[in-house]
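Next up, coords_16.txt (compact mmCIF, N, CA and C atoms):
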```txt
# COMPACT_ATOMS: atom_id res chain seq x y z
N ALA F 1 -20.66 -0.65 10.88
CA ALA F 1 -21.33 -1.05 9.65
C ALA F 1 -22.06 -2.35 9.88
N THR F 2 -23.16 -2.53 9.20
CA THR F 2 -23.93 -3.75 9.34
C THR F 2 -24.10 -4.40 7.99
N ALA F 3 -24.28 -5.73 8.01
CA ALA F 3 -24.45 -6.46 6.76
C ALA F 3 -25.69 -6.02 6.01
N SER F 4 -26.65 -5.46 6.71
CA SER F 4 -27.88 -5.02 6.04
C SER F 4 -27.65 -3.81 5.14
N VAL F 5 -26.53 -3.13 5.33
CA VAL F 5 -26.24 -1.98 4.49
C VAL F 5 -25.81 -2.43 3.10
N TYR F 6 -25.13 -3.53 2.99
CA TYR F 6 -24.60 -3.98 1.71
C TYR F 6 -25.25 -5.22 1.12
N GLY F 7 -24.42 -6.15 0.36
CA GLY F 7 -24.89 -7.31 -0.37
C GLY F 7 -24.28 -8.69 -0.16
N SER F 8 -24.21 -11.57 -1.39
CA SER F 8 -23.87 -12.97 -1.11
C SER F 8 -23.17 -13.54 -2.28
N ASN F 9 -22.37 -14.45 -2.16
CA ASN F 9 -21.59 -15.16 -3.15
C ASN F 9 -21.01 -14.17 -4.16
N ALA F 10 -19.71 -14.08 -4.25
CA ALA F 10 -19.00 -13.13 -5.12
C ALA F 10 -19.95 -12.32 -5.99
N VAL F 11 -20.34 -11.19 -5.49
CA VAL F 11 -21.36 -10.35 -6.11
C VAL F 11 -20.69 -9.16 -6.78
N GLN F 12 -21.22 -8.75 -7.90
CA GLN F 12 -20.67 -7.60 -8.61
C GLN F 12 -21.82 -6.74 -9.11
N VAL F 13 -21.64 -5.42 -8.98
CA VAL F 13 -22.58 -4.47 -9.55
C VAL F 13 -21.80 -3.63 -10.55
N GLN F 14 -22.26 -3.57 -11.77
CA GLN F 14 -21.59 -2.81 -12.82
C GLN F 14 -22.41 -1.58 -13.13
N VAL F 15 -21.76 -0.44 -13.23
CA VAL F 15 -22.42 0.80 -13.60
C VAL F 15 -21.71 1.34 -14.82
N ALA F 16 -22.47 1.80 -15.77
CA ALA F 16 -21.86 2.34 -16.99
C ALA F 16 -20.92 3.48 -16.64
N HIS F 17 -19.73 3.43 -17.18
CA HIS F 17 -18.72 4.46 -16.95
C HIS F 17 -19.14 5.72 -17.68
N ASP F 18 -18.98 6.84 -17.04
CA ASP F 18 -19.30 8.13 -17.63
C ASP F 18 -18.64 8.26 -19.00
N ALA F 19 -19.41 8.53 -20.02
CA ALA F 19 -18.89 8.58 -21.39
C ALA F 19 -17.79 9.61 -21.56
N ALA F 20 -17.82 10.67 -20.80
CA ALA F 20 -16.79 11.69 -20.89
C ALA F 20 -15.59 11.35 -20.03
N GLY F 21 -15.72 10.33 -19.22
CA GLY F 21 -14.66 9.97 -18.26
C GLY F 21 -13.55 9.19 -18.92
N GLY F 22 -13.16 8.11 -18.30
CA GLY F 22 -12.00 7.37 -18.77
C GLY F 22 -10.77 8.00 -18.18
N GLY F 23 -9.89 8.45 -19.01
CA GLY F 23 -8.74 9.22 -18.55
C GLY F 23 -7.79 8.46 -17.66
N ARG F 24 -7.76 7.15 -17.73
CA ARG F 24 -6.88 6.41 -16.85
C ARG F 24 -5.41 6.72 -17.13
N PHE F 25 -5.10 7.16 -18.32
CA PHE F 25 -3.72 7.43 -18.67
C PHE F 25 -3.46 8.93 -18.80
N ALA F 26 -4.32 9.72 -18.20
CA ALA F 26 -4.17 11.17 -18.28
C ALA F 26 -2.90 11.60 -17.57
N PRO F 27 -2.17 12.57 -18.15
CA PRO F 27 -0.97 13.07 -17.48
C PRO F 27 -1.34 13.79 -16.19
N ALA F 28 -0.37 13.91 -15.31
CA ALA F 28 -0.59 14.57 -14.02
C ALA F 28 -1.17 15.96 -14.19
N ALA F 29 -0.76 16.67 -15.23
CA ALA F 29 -1.28 18.03 -15.45
C ALA F 29 -2.79 18.03 -15.64
N ALA F 30 -3.31 16.99 -16.27
CA ALA F 30 -4.75 16.91 -16.48
C ALA F 30 -5.48 16.68 -15.18
N ARG F 31 -4.81 16.05 -14.20
CA ARG F 31 -5.43 15.78 -12.92
C ARG F 31 -5.24 16.94 -11.95
N ALA F 32 -4.51 17.96 -12.34
CA ALA F 32 -4.27 19.09 -11.44
C ALA F 32 -5.56 19.85 -11.15
N HIS F 33 -6.53 19.77 -12.05
CA HIS F 33 -7.81 20.45 -11.88
C HIS F 33 -8.93 19.44 -12.09
N PRO F 34 -9.10 18.50 -11.12
CA PRO F 34 -10.09 17.44 -11.30
C PRO F 34 -11.49 17.99 -11.57
N GLY F 35 -12.16 17.38 -12.53
CA GLY F 35 -13.54 17.73 -12.79
C GLY F 35 -13.75 19.02 -13.54
N ARG F 36 -12.68 19.70 -13.93
CA ARG F 36 -12.80 20.96 -14.67
C ARG F 36 -13.46 20.68 -16.01
N ARG F 37 -14.33 21.56 -16.44
CA ARG F 37 -15.00 21.40 -17.73
C ARG F 37 -14.20 22.15 -18.80
N THR F 38 -14.09 21.54 -19.97
CA THR F 38 -13.42 22.19 -21.09
C THR F 38 -14.45 23.01 -21.86
N LEU F 39 -14.02 23.70 -22.92
CA LEU F 39 -14.94 24.48 -23.73
C LEU F 39 -15.99 23.59 -24.38
N LYS F 40 -15.66 22.34 -24.64
CA LYS F 40 -16.61 21.43 -25.26
C LYS F 40 -17.53 20.78 -24.22
N GLY F 41 -17.31 21.08 -22.93
CA GLY F 41 -18.15 20.54 -21.88
C GLY F 41 -17.77 19.13 -21.43
N VAL F 42 -16.61 18.66 -21.86
CA VAL F 42 -16.16 17.32 -21.48
C VAL F 42 -15.32 17.44 -20.22
N ARG F 43 -15.58 16.57 -19.26
CA ARG F 43 -14.85 16.61 -18.00
C ARG F 43 -13.44 16.08 -18.18
N ASP F 44 -12.46 16.77 -17.59
CA ASP F 44 -11.09 16.28 -17.57
C ASP F 44 -11.02 15.03 -16.70
N ALA F 45 -9.96 14.28 -16.88
CA ALA F 45 -9.77 13.06 -16.09
C ALA F 45 -9.62 13.39 -14.61
N MET F 46 -10.15 12.52 -13.78
CA MET F 46 -9.99 12.65 -12.33
C MET F 46 -9.26 11.42 -11.83
N ALA F 47 -8.84 11.47 -10.60
CA ALA F 47 -8.14 10.34 -9.99
C ALA F 47 -9.10 9.18 -9.78
N HIS F 48 -8.56 7.96 -9.83
CA HIS F 48 -9.34 6.75 -9.54
C HIS F 48 -8.97 6.27 -8.14
N PHE F 49 -9.97 5.71 -7.45
CA PHE F 49 -9.77 5.21 -6.09
C PHE F 49 -10.39 3.83 -5.96
N MET F 50 -9.72 2.97 -5.18
CA MET F 50 -10.27 1.68 -4.80
C MET F 50 -10.43 1.73 -3.28
N ASP F 51 -11.66 1.53 -2.83
CA ASP F 51 -11.86 1.53 -1.38
C ASP F 51 -12.33 0.18 -0.91
N VAL F 52 -12.12 -0.06 0.38
CA VAL F 52 -12.39 -1.36 0.99
C VAL F 52 -13.29 -1.16 2.20
N HIS F 53 -14.31 -2.01 2.29
CA HIS F 53 -15.21 -2.05 3.45
C HIS F 53 -15.10 -3.46 4.02
N ARG F 54 -14.96 -3.58 5.33
CA ARG F 54 -14.86 -4.90 5.97
C ARG F 54 -16.05 -5.12 6.90
N GLY F 55 -16.27 -6.39 7.28
CA GLY F 55 -17.31 -6.72 8.25
C GLY F 55 -18.68 -6.91 7.65
N MET F 56 -18.76 -7.13 6.34
CA MET F 56 -20.05 -7.29 5.66
C MET F 56 -20.33 -8.76 5.35
N HIS F 57 -20.09 -9.63 6.32
CA HIS F 57 -20.28 -11.08 6.15
C HIS F 57 -21.72 -11.39 5.73
N GLY F 58 -21.85 -12.23 4.71
CA GLY F 58 -23.17 -12.66 4.26
C GLY F 58 -23.91 -11.65 3.42
N ILE F 59 -23.23 -10.63 2.93
CA ILE F 59 -23.88 -9.61 2.10
C ILE F 59 -24.54 -10.28 0.89
N THR F 60 -25.71 -9.80 0.51
CA THR F 60 -26.43 -10.32 -0.65
C THR F 60 -26.27 -9.38 -1.83
N SER F 61 -26.64 -9.86 -2.99
CA SER F 61 -26.60 -9.04 -4.20
C SER F 61 -27.50 -7.82 -4.04
N ASP F 62 -28.69 -8.02 -3.49
CA ASP F 62 -29.61 -6.90 -3.29
C ASP F 62 -29.05 -5.87 -2.32
N GLN F 63 -28.40 -6.31 -1.26
CA GLN F 63 -27.81 -5.38 -0.29
C GLN F 63 -26.67 -4.58 -0.92
N LEU F 64 -25.85 -5.25 -1.72
CA LEU F 64 -24.76 -4.55 -2.41
C LEU F 64 -25.33 -3.52 -3.37
N HIS F 65 -26.36 -3.92 -4.10
CA HIS F 65 -27.00 -3.00 -5.04
C HIS F 65 -27.57 -1.78 -4.31
N GLN F 66 -28.24 -2.00 -3.18
CA GLN F 66 -28.81 -0.89 -2.39
C GLN F 66 -27.72 0.06 -1.91
N ALA F 67 -26.61 -0.49 -1.44
CA ALA F 67 -25.51 0.35 -0.96
C ALA F 67 -24.92 1.16 -2.11
N HIS F 68 -24.76 0.51 -3.26
CA HIS F 68 -24.21 1.20 -4.43
C HIS F 68 -25.16 2.32 -4.87
N GLN F 69 -26.45 2.04 -4.87
CA GLN F 69 -27.43 3.07 -5.24
C GLN F 69 -27.39 4.24 -4.26
N ALA F 70 -27.17 3.96 -2.99
CA ALA F 70 -27.07 5.04 -1.99
C ALA F 70 -25.88 5.94 -2.30
N ASP F 71 -24.75 5.36 -2.74
CA ASP F 71 -23.60 6.16 -3.15
C ASP F 71 -23.94 7.00 -4.38
N LEU F 72 -24.57 6.38 -5.37
CA LEU F 72 -24.91 7.09 -6.60
C LEU F 72 -25.87 8.26 -6.35
N ALA F 73 -26.72 8.11 -5.34
CA ALA F 73 -27.71 9.15 -5.05
C ALA F 73 -27.07 10.45 -4.56
N VAL F 74 -25.88 10.38 -3.97
CA VAL F 74 -25.26 11.60 -3.42
C VAL F 74 -23.90 11.92 -4.03
N GLU F 75 -23.41 11.11 -4.96
CA GLU F 75 -22.06 11.28 -5.48
C GLU F 75 -21.82 12.63 -6.17
N LYS F 76 -22.82 13.15 -6.85
CA LYS F 76 -22.64 14.40 -7.59
C LYS F 76 -22.31 15.58 -6.69
N ASP F 77 -22.80 15.54 -5.44
CA ASP F 77 -22.52 16.62 -4.50
C ASP F 77 -21.03 16.77 -4.23
N GLU F 78 -20.27 15.68 -4.40
CA GLU F 78 -18.82 15.70 -4.14
C GLU F 78 -18.01 15.57 -5.43
N ASN F 79 -18.68 15.61 -6.60
CA ASN F 79 -18.00 15.45 -7.88
C ASN F 79 -17.27 14.11 -7.97
N VAL F 80 -17.92 13.07 -7.45
CA VAL F 80 -17.38 11.71 -7.43
C VAL F 80 -18.29 10.84 -8.29
N HIS F 81 -17.73 9.79 -8.89
CA HIS F 81 -18.55 8.81 -9.60
C HIS F 81 -18.11 7.41 -9.19
N PHE F 82 -19.04 6.63 -8.65
CA PHE F 82 -18.76 5.24 -8.30
C PHE F 82 -19.04 4.38 -9.52
N GLU F 83 -17.98 3.74 -10.02
CA GLU F 83 -18.06 2.99 -11.26
C GLU F 83 -18.49 1.55 -11.07
N GLN F 84 -18.01 0.90 -10.02
CA GLN F 84 -18.26 -0.53 -9.87
C GLN F 84 -18.05 -0.92 -8.41
N ALA F 85 -18.73 -1.98 -7.99
CA ALA F 85 -18.56 -2.52 -6.63
C ALA F 85 -18.52 -4.04 -6.70
N TRP F 86 -17.68 -4.65 -5.88
CA TRP F 86 -17.55 -6.10 -5.79
C TRP F 86 -17.70 -6.50 -4.34
N ALA F 87 -18.19 -7.72 -4.10
CA ALA F 87 -18.33 -8.20 -2.73
C ALA F 87 -17.92 -9.66 -2.63
N ASP F 88 -17.31 -10.00 -1.51
CA ASP F 88 -17.02 -11.38 -1.15
C ASP F 88 -17.76 -11.66 0.15
N PRO F 89 -18.96 -12.24 0.08
CA PRO F 89 -19.77 -12.46 1.27
C PRO F 89 -19.08 -13.32 2.33
N ALA F 90 -18.25 -14.29 1.90
CA ALA F 90 -17.59 -15.17 2.86
C ALA F 90 -16.61 -14.41 3.75
N SER F 91 -15.83 -13.50 3.14
CA SER F 91 -14.87 -12.72 3.93
C SER F 91 -15.48 -11.44 4.47
N GLY F 92 -16.64 -11.05 3.93
CA GLY F 92 -17.28 -9.81 4.37
C GLY F 92 -16.62 -8.57 3.84
N THR F 93 -15.90 -8.70 2.71
CA THR F 93 -15.15 -7.58 2.15
C THR F 93 -15.86 -7.03 0.91
N ILE F 94 -15.95 -5.70 0.85
CA ILE F 94 -16.53 -5.00 -0.29
C ILE F 94 -15.43 -4.11 -0.89
N TYR F 95 -15.36 -4.05 -2.21
CA TYR F 95 -14.43 -3.19 -2.92
C TYR F 95 -15.23 -2.28 -3.83
N CYS F 96 -14.89 -0.99 -3.85
CA CYS F 96 -15.56 -0.03 -4.72
C CYS F 96 -14.52 0.71 -5.55
N LEU F 97 -14.79 0.85 -6.83
CA LEU F 97 -13.95 1.64 -7.73
C LEU F 97 -14.68 2.94 -8.03
N SER F 98 -13.98 4.03 -7.85
CA SER F 98 -14.60 5.34 -8.10
C SER F 98 -13.58 6.27 -8.73
N GLU F 99 -14.09 7.40 -9.22
CA GLU F 99 -13.22 8.48 -9.64
C GLU F 99 -13.73 9.74 -8.99
N GLY F 100 -12.80 10.63 -8.67
CA GLY F 100 -13.19 11.86 -8.01
C GLY F 100 -11.99 12.74 -7.73
N PRO F 101 -12.24 13.86 -7.10
CA PRO F 101 -11.17 14.82 -6.84
C PRO F 101 -10.23 14.42 -5.72
N SER F 102 -10.68 13.58 -4.76
CA SER F 102 -9.83 13.21 -3.62
C SER F 102 -10.42 12.02 -2.88
N ALA F 103 -9.56 11.36 -2.09
CA ALA F 103 -10.03 10.27 -1.24
C ALA F 103 -11.02 10.79 -0.20
N GLU F 104 -10.82 12.01 0.25
CA GLU F 104 -11.72 12.61 1.23
C GLU F 104 -13.12 12.79 0.65
N ALA F 105 -13.21 13.17 -0.62
CA ALA F 105 -14.51 13.33 -1.27
C ALA F 105 -15.21 11.98 -1.39
N VAL F 106 -14.46 10.94 -1.73
CA VAL F 106 -15.01 9.59 -1.82
C VAL F 106 -15.55 9.17 -0.45
N GLN F 107 -14.77 9.42 0.60
CA GLN F 107 -15.21 9.04 1.94
C GLN F 107 -16.47 9.80 2.37
N ARG F 108 -16.55 11.08 2.02
CA ARG F 108 -17.74 11.85 2.37
C ARG F 108 -19.00 11.26 1.74
N VAL F 109 -18.89 10.79 0.50
CA VAL F 109 -20.04 10.15 -0.15
C VAL F 109 -20.42 8.88 0.60
N HIS F 110 -19.42 8.04 0.89
CA HIS F 110 -19.71 6.80 1.62
C HIS F 110 -20.33 7.09 2.99
N GLU F 111 -19.83 8.09 3.68
CA GLU F 111 -20.37 8.43 5.00
C GLU F 111 -21.83 8.87 4.89
N ARG F 112 -22.12 9.71 3.93
CA ARG F 112 -23.51 10.17 3.74
C ARG F 112 -24.43 9.04 3.34
N ALA F 113 -23.89 8.04 2.61
CA ALA F 113 -24.68 6.89 2.19
C ALA F 113 -24.83 5.86 3.31
N GLY F 114 -24.10 6.06 4.42
CA GLY F 114 -24.25 5.20 5.59
C GLY F 114 -23.28 4.05 5.70
N HIS F 115 -22.18 4.08 4.94
CA HIS F 115 -21.20 3.00 5.01
C HIS F 115 -19.79 3.52 4.74
N LYS F 116 -19.19 4.06 5.80
CA LYS F 116 -17.83 4.59 5.73
C LYS F 116 -16.85 3.50 5.31
N ALA F 117 -15.92 3.85 4.42
CA ALA F 117 -14.90 2.90 3.97
C ALA F 117 -13.83 2.73 5.04
N ASP F 118 -13.29 1.51 5.14
CA ASP F 118 -12.19 1.25 6.07
C ASP F 118 -10.86 1.70 5.50
N GLU F 119 -10.73 1.64 4.18
CA GLU F 119 -9.51 2.07 3.48
C GLU F 119 -9.91 2.68 2.15
N ILE F 120 -9.15 3.70 1.73
CA ILE F 120 -9.31 4.27 0.38
C ILE F 120 -7.92 4.46 -0.19
N HIS F 121 -7.69 3.91 -1.38
CA HIS F 121 -6.38 3.99 -2.03
C HIS F 121 -6.53 4.63 -3.40
N GLU F 122 -5.71 5.62 -3.70
CA GLU F 122 -5.67 6.14 -5.06
C GLU F 122 -4.97 5.11 -5.92
N VAL F 123 -5.50 4.85 -7.12
CA VAL F 123 -4.89 3.90 -8.05
C VAL F 123 -4.59 4.64 -9.36
N PRO F 124 -3.40 5.25 -9.44
CA PRO F 124 -3.08 6.11 -10.58
C PRO F 124 -2.74 5.36 -11.87
N LEU F 125 -2.46 4.06 -11.81
CA LEU F 125 -2.10 3.31 -13.00
C LEU F 125 -3.08 2.18 -13.25
N SER F 126 -3.39 1.93 -14.51
CA SER F 126 -4.20 0.76 -14.86
C SER F 126 -3.78 0.28 -16.24
N VAL F 127 -4.12 -0.93 -16.57
CA VAL F 127 -3.81 -1.49 -17.89
C VAL F 127 -5.07 -2.07 -18.49
```
Kindly return the structure encoded in the file as structure tokens.
Amino acid sequence: ATASVYGSNAVQVQVAHDAAGGGRFAPAAARAHPGRRTLKGVRDAMAHFMDVHRGMHGITSDQLHQAHQADLAVEKDENVHFEQAWADPASGTIYCLSEGPSAEAVQRVHERAGHKADEIHEVPLSV
């Protein structure tokens, strides 16, 4: 990975959360069929993931935005949605919050966008 793929100084990119999404407190049964559409056309809750990218020292806001846009451009192919990204240019660490059917689907999006994640963690609880 290269710093040119991403973004300087505690940078954050916010993307509007899918209006039909949310579902952070959905029971396990609701997550058994991620992305399934109901009769009303509303998507069931999917799992949330936090992924980590390292080695992006000196990333700028524009670079982070470009990387995030690259994820958004291909996310639908994997039924994934990238909600937010944060960067610490000094440490070269990027964090991405997404929802999707699996960590593997999240990684496939990142790989296609040109920036494979170093770690992906499912985060089933939030407050």
TODO: Quote the spacing between atom CA of F:Ala73 and atom CA of F:Pro124 in Å to one decimal place.
DONE: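 We find that atom CA of F:Ala73 and atom CA of F:Pro124 lie 25.4 Å from each other.
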TODO: Give me the residues within 7 Å of F:Glu99 as a list of chain:residue names, counting only C-alpha atoms and dropping any in the same chain fewer than 5 places off.
DONE: F:Met46, F:Ala47, F:His48, F:Phe49, F:Val80, F:His81, F:Phe82
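Atom C of F:Glu83 sits 12.4 Å away from atom CA of F:Ala67.
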- [ ] Please indicate the distance in Å from atom C of F:Ala113 to atom CA of F:Ala70, rounded to one decimal place.
- [x]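 Spanning atom C of F:Ala113 to atom CA of F:Ala70 is a straight-line distance of 5.8 Å.
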TODO: Kindly extract all protein, DNA and RNA residues lying within 10 Å of the coordinates (-17.4, -0.3, -3.1) given in the file, considering only C-alpha atoms, and supply them as a list in words.
DONE: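 Checking each residue against the 10 Å limit leaves Tyr6, Gln12, Val13, Phe49, Met50, Asp51, Val52, His53, Leu64, Ala67, His68, Asp71, Phe82, Glu83, Gln84, Ala85, Trp86, Ala87, Thr93, Ile94, Tyr95, Cys96, Leu97, Ser98, His110, His115, Ala117 and Ile120 of chain F.
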TODO: Name the closest residue to F:Met56 among the candidates F:Ser102, F:Asp118, F:Ser126, F:Glu111; distances are taken between atoms, counting only C-alpha atoms.
DONE: F:Asp118
